[in-house]
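Data from final_37.cif: mmCIF, C-alpha atoms
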data_start
loop_
_atom_site.label_atom_id
_atom_site.label_comp_id
_atom_site.auth_asym_id
_atom_site.auth_seq_id
_atom_site.Cartn_x
_atom_site.Cartn_y
_atom_site.Cartn_z
CA MET M 98 27.39 23.96 -23.09
CA ILE M 99 26.90 26.95 -20.78
CA SER M 100 24.92 29.83 -22.23
CA PRO M 101 26.61 33.24 -22.05
CA LEU M 102 23.26 34.53 -20.81
CA ALA M 103 23.43 32.38 -17.65
CA PHE M 104 24.81 33.69 -14.35
CA ILE M 105 27.06 31.34 -12.39
CA HIS M 106 28.61 32.58 -9.17
CA PRO M 107 32.38 32.06 -9.20
CA GLU M 108 32.16 30.09 -5.93
CA ALA M 109 29.63 27.60 -7.32
CA LYS M 110 30.97 24.13 -8.09
CA ILE M 111 29.90 22.82 -11.50
CA GLY M 112 30.51 19.23 -12.60
CA GLU M 113 31.45 17.93 -16.02
CA ASN M 114 29.26 17.81 -19.11
CA CYS M 115 26.50 20.06 -17.73
CA GLU M 116 24.17 21.94 -20.04
CA ILE M 117 23.10 25.30 -18.58
CA GLY M 118 20.61 27.32 -20.60
CA PRO M 119 20.04 31.06 -20.92
CA PHE M 120 18.85 33.08 -17.93
CA CYS M 121 19.75 30.37 -15.42
CA TYR M 122 20.97 31.64 -12.05
CA ILE M 123 23.40 29.59 -9.98
CA ASP M 124 24.23 31.09 -6.59
CA ALA M 125 27.27 30.76 -4.37
CA ASN M 126 27.38 27.68 -2.13
CA VAL M 127 25.88 25.48 -4.85
CA VAL M 128 27.23 22.09 -5.90
CA LEU M 129 26.06 20.78 -9.27
CA GLY M 130 27.18 17.28 -10.23
CA ASP M 131 27.93 15.83 -13.66
CA ASN M 132 25.67 15.47 -16.71
CA ASN M 133 22.90 17.74 -15.49
CA LYS M 134 20.70 19.66 -17.92
CA LEU M 135 19.27 23.03 -16.90
CA MET M 136 16.89 24.49 -19.46
CA ASN M 137 16.33 28.22 -19.53
CA SER M 138 15.48 30.22 -16.40
CA VAL M 139 16.36 27.58 -13.80
CA THR M 140 17.42 28.94 -10.39
CA LEU M 141 19.75 27.10 -7.99
CA LEU M 142 20.07 29.08 -4.77
CA SER M 143 22.56 28.83 -1.91
CA GLY M 144 22.54 25.43 -0.24
CA SER M 145 21.54 23.46 -3.34
CA ARG M 146 23.32 20.11 -3.65
CA ILE M 147 22.58 18.39 -6.94
CA GLY M 148 23.70 14.91 -7.97
CA SER M 149 24.17 13.70 -11.54
CA GLY M 150 21.98 13.19 -14.58
CA ASN M 151 19.09 15.42 -13.53
CA THR M 152 16.96 17.45 -15.93
CA PHE M 153 15.47 20.78 -14.81
CA PHE M 154 12.78 22.37 -16.95
CA PRO M 155 12.23 26.15 -17.24
CA GLY M 156 11.31 28.05 -14.11
CA ALA M 157 12.37 25.47 -11.52
CA VAL M 158 13.66 27.03 -8.28
CA ILE M 159 15.78 24.90 -5.97
CA GLY M 160 17.08 25.90 -2.54
CA ALA M 161 14.92 28.94 -1.77
CA VAL M 162 14.68 29.79 1.92
CA PRO M 163 11.93 27.94 3.82
CA GLN M 164 8.43 29.38 4.05
CA ASP M 165 8.58 28.94 7.80
CA LEU M 166 8.59 31.70 10.42
CA LYS M 167 11.00 29.79 12.67
CA PHE M 168 13.73 30.00 10.03
CA ARG M 169 16.48 32.37 11.16
CA GLY M 170 18.88 32.22 8.24
CA GLU M 171 20.76 29.12 9.40
CA GLU M 172 22.97 27.23 6.94
CA THR M 173 20.83 24.43 5.50
CA THR M 174 20.61 22.51 2.24
CA ALA M 175 18.29 21.22 -0.46
CA GLU M 176 19.76 17.91 -1.62
CA ILE M 177 18.78 16.19 -4.86
CA GLY M 178 20.04 12.77 -5.95
CA ASP M 179 20.50 11.43 -9.47
CA ASN M 180 18.41 11.07 -12.63
CA ASN M 181 15.44 13.12 -11.48
CA THR M 182 13.13 15.00 -13.83
CA ILE M 183 12.11 18.36 -12.38
CA ARG M 184 9.43 19.91 -14.57
CA GLU M 185 8.43 23.53 -15.11
CA ASN M 186 8.05 25.86 -12.10
CA VAL M 187 8.78 23.22 -9.47
CA THR M 188 9.95 24.72 -6.16
CA ILE M 189 12.04 22.87 -3.58
CA ASN M 190 12.83 24.79 -0.38
CA ARG M 191 15.88 24.07 1.71
CA GLY M 192 15.71 22.89 5.32
CA THR M 193 15.43 24.62 8.67
CA ALA M 194 17.13 23.93 11.97
CA ALA M 195 14.58 21.13 12.48
CA LYS M 196 16.40 18.71 10.15
CA GLY M 197 18.90 20.90 8.38
CA LYS M 198 18.06 19.65 4.91
CA THR M 199 15.37 18.86 2.39
CA VAL M 200 16.11 15.63 0.51
CA LEU M 201 14.87 14.33 -2.83
CA GLY M 202 16.25 10.90 -3.73
CA SER M 203 16.85 9.54 -7.23
CA ASN M 204 14.77 8.63 -10.29
CA ASN M 205 11.81 10.78 -9.29
CA LEU M 206 9.44 12.75 -11.51
CA LEU M 207 8.21 16.06 -10.14
CA MET M 208 5.56 17.45 -12.47
CA GLU M 209 4.80 21.05 -13.34
CA GLY M 210 4.12 23.51 -10.55
CA MET M 211 4.52 21.15 -7.59
CA HIS M 212 6.08 22.34 -4.32
CA LEU M 213 8.28 20.45 -1.90
CA GLY M 214 8.48 22.18 1.47
CA HIS M 215 11.31 22.53 3.96
CA ASP M 216 12.82 19.47 5.67
CA CYS M 217 10.86 17.01 3.52
CA ILE M 218 12.40 13.62 2.79
CA VAL M 219 11.38 11.98 -0.50
CA GLY M 220 12.67 8.56 -1.47
CA ASN M 221 13.32 7.07 -4.90
CA GLY M 222 11.11 6.38 -7.89
CA CYS M 223 8.26 8.65 -6.81
CA ILE M 224 5.88 10.59 -9.05
CA LEU M 225 4.54 13.87 -7.67
CA GLY M 226 1.81 15.27 -9.91
CA ASN M 227 1.06 18.69 -11.35
CA SER M 228 0.43 21.40 -8.75
CA THR M 229 0.74 18.98 -5.84
CA LYS M 230 1.86 20.80 -2.69
CA ILE M 231 3.86 19.08 0.04
CA ALA M 232 4.14 21.01 3.33
CA GLY M 233 7.18 21.00 5.60
CA GLU M 234 8.70 17.91 7.24
CA VAL M 235 6.68 15.40 5.23
CA VAL M 236 8.24 11.99 4.55
CA ILE M 237 7.41 10.19 1.30
CA ASP M 238 8.73 6.66 0.90
CA ASP M 239 9.93 4.98 -2.32
CA PHE M 240 7.69 4.52 -5.38
CA ALA M 241 4.78 6.58 -4.07
CA ILE M 242 2.53 8.20 -6.67
CA LEU M 243 0.68 11.40 -5.80
CA SER M 244 -1.59 12.58 -8.60
CA ALA M 245 -2.32 16.20 -9.54
CA ASN M 246 -3.42 18.82 -7.00
CA VAL M 247 -2.75 16.69 -3.93
CA LEU M 248 -2.29 18.63 -0.67
CA VAL M 249 -0.26 17.07 2.14
CA HIS M 250 -0.24 18.57 5.65
CA GLN M 251 3.07 19.09 7.44
CA PHE M 252 4.60 16.16 9.36
CA CYS M 253 2.64 13.53 7.42
CA HIS M 254 4.16 10.23 6.31
CA ILE M 255 3.26 8.77 2.89
CA GLY M 256 4.11 5.09 2.50
CA SER M 257 5.72 3.25 -0.40
CA TYR M 258 3.72 2.09 -3.43
CA VAL M 259 0.69 4.23 -2.61
CA MET M 260 -1.56 5.86 -5.17
CA VAL M 261 -3.08 9.12 -3.93
CA SER M 262 -5.89 10.24 -6.19
CA GLY M 263 -5.95 13.67 -7.81
CA GLY M 264 -7.37 16.50 -5.72
CA THR M 265 -6.97 14.58 -2.47
CA ARG M 266 -5.92 16.40 0.67
CA THR M 267 -4.63 14.65 3.74
CA ALA M 268 -3.65 15.69 7.23
CA GLN M 269 -2.92 12.10 8.26
CA ASP M 270 -0.45 9.41 7.26
CA VAL M 271 -1.18 7.24 4.22
CA PRO M 272 -0.20 3.59 4.82
CA PRO M 273 1.97 1.87 2.18
CA PHE M 274 0.55 -0.22 -0.66
CA CYS M 275 -2.90 1.39 -0.65
CA ILE M 276 -5.08 3.75 -2.67
CA ALA M 277 -6.13 6.98 -0.95
CA ALA M 278 -8.95 9.12 -2.33
CA ARG M 279 -12.31 10.83 -1.62
CA GLU M 280 -13.23 13.84 0.51
CA PRO M 281 -12.48 13.46 3.33
CA VAL M 282 -9.56 11.25 2.41
CA ALA M 283 -10.10 7.53 2.96
CA TYR M 284 -8.58 4.13 2.35
CA CYS M 285 -9.96 2.87 -0.97
CA GLY M 286 -8.34 -0.53 -1.27
CA LEU M 287 -5.03 -2.15 -2.01
CA ASN M 288 -3.06 -0.63 -4.90
CA MET M 289 -3.37 -3.83 -6.93
CA VAL M 290 -2.42 -2.31 -10.28
CA GLY M 291 0.69 -0.66 -8.86
CA LEU M 292 1.82 -3.81 -7.05
CA LYS M 293 1.36 -5.97 -10.14
CA ARG M 294 3.25 -3.47 -12.27
CA ARG M 295 6.12 -3.70 -9.79
CA ASN M 296 6.02 -7.51 -10.03
CA PHE M 297 5.03 -8.18 -6.43
CA PRO M 298 4.52 -11.95 -5.91
CA LEU M 299 0.94 -13.11 -5.57
CA ASP M 300 1.51 -14.46 -2.07
CA VAL M 301 2.75 -11.04 -0.92
CA ILE M 302 -0.26 -9.31 -2.47
CA ASN M 303 -2.58 -11.78 -0.76
CA ALA M 304 -0.83 -11.23 2.60
CA LEU M 305 -1.18 -7.47 2.27
CA HIS M 306 -4.84 -7.84 1.30
CA SER M 307 -5.46 -9.90 4.42
CA ALA M 308 -3.64 -7.36 6.59
CA PHE M 309 -5.72 -4.47 5.27
CA LEU M 310 -8.96 -6.40 5.75
CA ILE M 311 -8.09 -6.81 9.43
CA LEU M 312 -6.99 -3.18 9.71
CA TYR M 313 -10.05 -1.58 8.11
CA GLN M 314 -12.91 -4.09 8.47
CA ASN M 315 -12.47 -5.00 12.08
CA SER M 316 -14.06 -3.21 15.06
CA LYS M 317 -11.41 -4.27 17.55
CA LEU M 318 -9.08 -1.82 19.25
CA PHE M 319 -6.03 -0.73 17.25
CA ASN M 320 -3.56 -2.76 19.32
CA GLU M 321 -5.75 -5.85 18.96
CA ARG M 322 -5.89 -5.44 15.18
CA ILE M 323 -2.12 -5.07 15.00
CA GLU M 324 -1.68 -8.23 17.08
CA GLU M 325 -4.13 -10.12 14.87
CA ILE M 326 -2.16 -9.14 11.78
CA ARG M 327 1.06 -10.27 13.46
CA THR M 328 -0.36 -13.65 14.42
CA THR M 329 -2.61 -14.56 11.47
CA VAL M 330 -1.12 -12.99 8.32
CA PRO M 331 1.77 -14.83 6.63
CA LYS M 332 5.04 -13.11 7.47
CA CYS M 333 6.95 -11.15 4.85
CA LYS M 334 8.99 -7.97 4.79
CA GLU M 335 6.12 -6.02 3.22
CA VAL M 336 3.73 -6.84 6.07
CA ASP M 337 6.48 -6.05 8.59
CA TYR M 338 6.96 -2.66 6.92
CA LEU M 339 3.21 -2.00 7.04
CA LEU M 340 3.06 -2.87 10.74
CA ASP M 341 6.06 -0.70 11.55
CA PHE M 342 4.49 2.19 9.62
CA LEU M 343 1.19 1.90 11.52
CA VAL M 344 2.69 1.49 14.98
CA ASN M 345 5.00 4.47 14.53
CA SER M 346 2.45 6.81 12.98
CA LYS M 347 2.51 10.14 14.80
CA ARG M 348 -0.45 11.83 13.11
CA GLY M 349 -2.65 8.77 12.83
CA PHE M 350 -3.48 7.18 9.50
CA ILE M 351 -6.36 7.65 7.11
CA GLY M 352 -9.67 5.91 7.81
CA LYS M 353 -12.11 4.05 5.60
#
For the structure just supplied, provide its representation as C-alpha cells.
Amino acid sequence: MISPLAFIHPEAKIGENCEIGPFCYIDANVVLGDNNKLMNSVTLLSGSRIGSGNTFFPGAVIGAVPQDLKFRGEETTAEIGDNNTIRENVTINRGTAAKGKTVLGSNNLLMEGMHLGHDCIVGNGCILGNSTKIAGEVVIDDFAILSANVLVHQFCHIGSYVMVSGGTRTAQDVPPFCIAAREPVAYCGLNMVGLKRRNFPLDVINALHSAFLILYQNSKLFNERIEEIRTTVPKCKEVDYLLDFLVNSKRGFIGK
C-alpha cells in the first residue's frame, strides 16, 4: 500500500496498514501510526508525530519549520492525534523553544488551505474552515468551529463550542459557547444551534444565556460582572469554565 513513487527516509517509523500515495515525502525523525492514509504529494517533515486513522489529502505539509524569526533550529515537534481529516494544502508548522510542540488533537476537520502556526494547541472535534489562518501560540478548545477565511492573531484563546463566522479576524480571545462575527469582531449571541446539536440540557443553556447577558449587557466593572455571575447564575461546569476562561484571558476578550 506504499507507492513506489513515494520517498520514505529509512529512519522514519511507519505503522501498520498505512496507505502512502505517489510523490509523498516522509523525512527522517517522523513517526507515522497505524491505518493512516496519505494521498498523493503529502509531505511529513522532521518532527512530525502522527497518530492513527488520519487522512491527508494532496498537498498537505506537516512539520515544516516555524515561520518565526526566534526559531534557531531547535528540536521540536508537530503532533497530530487520531482520526483527523487534513484536506488539500493544509500546513501545520512544528513548535519553537516557546512550547516545543504544535498539537492537533483527534477527530478534527481541517479544510483546504488552512494554516496552523507554531506552538498552537488545538483540542478535539474542531472544524477549521477553508483558508483560515491561525498564527503562532493560539489555543483552540474542543468542538470550536471557525468558518472560512478566519484570521486569528498570535496568543489568542478560542473557547469550546464557539462559532466564528466566515471572514472574521480577531486579535482577542473568543469566549466559549458564543457566536463571533462582524468587523470589528464582536459577540453576536449564544451559539444556540451548536449547543442544541451537542445535546446541552436546557437548564445549562439558560444558565449560559444568563451569564452572557450579565457579561455583555451590564455597565459594571469587569470584576463586578464576574462576581454577579458567580452569585446569581445557577452553578454548572459550563459556567465555571466560562468564568475561568474570562478571568484568565491574557489578551482580553471580544466586545459587543
The PyMOL selection byres ((chain M and resi 119-125) around 6) - which residues does that actually catch in the file I just gave you? List them as a PDB file with C-alpha atoms, in the coordinates of the input.
ATOM      1  CA  SER M 100      24.920  29.830 -22.230  1.00  0.00           C
ATOM      2  CA  LEU M 102      23.260  34.530 -20.810  1.00  0.00           C
ATOM      3  CA  ALA M 103      23.430  32.380 -17.650  1.00  0.00           C
ATOM      4  CA  PHE M 104      24.810  33.690 -14.350  1.00  0.00           C
ATOM      5  CA  ILE M 105      27.060  31.340 -12.390  1.00  0.00           C
ATOM      6  CA  HIS M 106      28.610  32.580  -9.170  1.00  0.00           C
ATOM      7  CA  GLU M 108      32.160  30.090  -5.930  1.00  0.00           C
ATOM      8  CA  ALA M 109      29.630  27.600  -7.320  1.00  0.00           C
ATOM      9  CA  GLY M 118      20.610  27.320 -20.600  1.00  0.00           C
ATOM     10  CA  ASN M 126      27.380  27.680  -2.130  1.00  0.00           C
ATOM     11  CA  VAL M 127      25.880  25.480  -4.850  1.00  0.00           C
ATOM     12  CA  ASN M 137      16.330  28.220 -19.530  1.00  0.00           C
ATOM     13  CA  SER M 138      15.480  30.220 -16.400  1.00  0.00           C
ATOM     14  CA  VAL M 139      16.360  27.580 -13.800  1.00  0.00           C
ATOM     15  CA  THR M 140      17.420  28.940 -10.390  1.00  0.00           C
ATOM     16  CA  LEU M 141      19.750  27.100  -7.990  1.00  0.00           C
ATOM     17  CA  LEU M 142      20.070  29.080  -4.770  1.00  0.00           C
ATOM     18  CA  SER M 143      22.560  28.830  -1.910  1.00  0.00           C
TER      19      SER M 143
END
Legend entry - Pick from M:Gly264, M:Gly192, M:Gly202, M:Pro101 nearest to M:Gly233, counting only C-alpha atoms: M:Gly192
Inset, instruction - Counting all atoms listed in the file, note down every residue that has an atom within 12 Å of the point (25.6, 29.2, 10.6) (file coordinates), as a PyMOL selection string. - result: chain M and resi 144+168-174+193-194+197
Inset, instruction - Tell me, in Å to one decimal, how far atom CA of M:Gly156 is from atom CA of M:Met208. - result: 12.2 Å
Inset, instruction - Please evaluate the PyMOL selection byres ((chain M and resi 317-323) around 12) against the displayed coordinates and give the resulting residues as an MDAnalysis selection string. - result: chainID M and resid 307:316 324:330 336:337 339:345 349:350
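Each of M:Thr199, M:Asn288, M:Ser257, M:Asn181 was checked against M:Leu213 using all atoms listed in the file; the smallest atom-to-atom distance is that of M:Thr199.
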Inset, instruction - Find the residue from M:Lys167, M:Val247, M:Asn133, M:Asn190 that sits nearest to M:Ser145; use only C-alpha atoms when measuring. - result: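 Closest to M:Ser145 of all the choices is M:Asn190.
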Legend entry - the PyMOL selection byres ((chain M and resi 279) around 9) resolved against shown file, as a list of chain:residue names: M:Ser262, M:Gly264, M:Thr265, M:Arg266, M:Ala277, M:Ala278, M:Glu280, M:Pro281, M:Val282, M:Ala283, M:Tyr284, M:Cys285
Inset, instruction - May I ask for the distance between atom CA of M:Ala157 and atom CA of M:Ala241, given in Å to one decimal place? - result: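 Answer for the atom CA of M:Ala157 to atom CA of M:Ala241 separation: 21.7 Å.
One finds atom CA of M:Leu248 at 14.7 Å from atom CA of M:Glu209.
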Legend entry - Neighbour residues at most 8 Å from (18.9, 13.1, 0.8) (all atoms listed in the file) as an NGL selection string: :M and (176-178 or 198-202 or 218-219)
Inset, instruction - Using only C-alpha atoms, pick whichever of M:Gln164, M:Asn151, M:Thr182, M:Asn246 has the shortest atom-to-atom distance to M:Ile117. - result: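 Of M:Gln164, M:Asn151, M:Thr182, M:Asn246, the one nearest M:Ile117 is M:Asn151, counting only C-alpha atoms.
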Legend entry - Distance query M:His250 at most 7 Å, all atoms listed in the file, self and fewer than 3 positions along chain excluded, as a list in words: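 Those residues are Ile231, Ala232, Cys253, Thr267 and Ala268 of chain M.
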Would you export the selected residues with C-alpha atoms as a compact mmCIF listing (two decimals), in the frame of the given file, please?
# COMPACT_ATOMS: atom_id res chain seq x y z
CA ILE M 231 3.86 19.08 0.04
CA ALA M 232 4.14 21.01 3.33
CA CYS M 253 2.64 13.53 7.42
CA THR M 267 -4.63 14.65 3.74
CA ALA M 268 -3.65 15.69 7.23
Would you compute the box with edges along x, y and z of the file around stretch 143-157 of chain M, including every atom the file lists for it and 4 Å extra on each side, and give its centre and edge lengths in Å to one decimal, as JSON?
{"center_x": 17.7, "center_y": 21.0, "center_z": -8.7, "size_x": 20.9, "size_y": 23.6, "size_z": 25.0}
Inset, instruction - Go through M:Gly352, M:Asn221, M:Phe252, M:Ile183 and flag the residue nearest M:Cys275, using only C-alpha atoms for the distances. - result: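 Of M:Gly352, M:Asn221, M:Phe252, M:Ile183, the one nearest M:Cys275, counting only C-alpha atoms, is M:Gly352.
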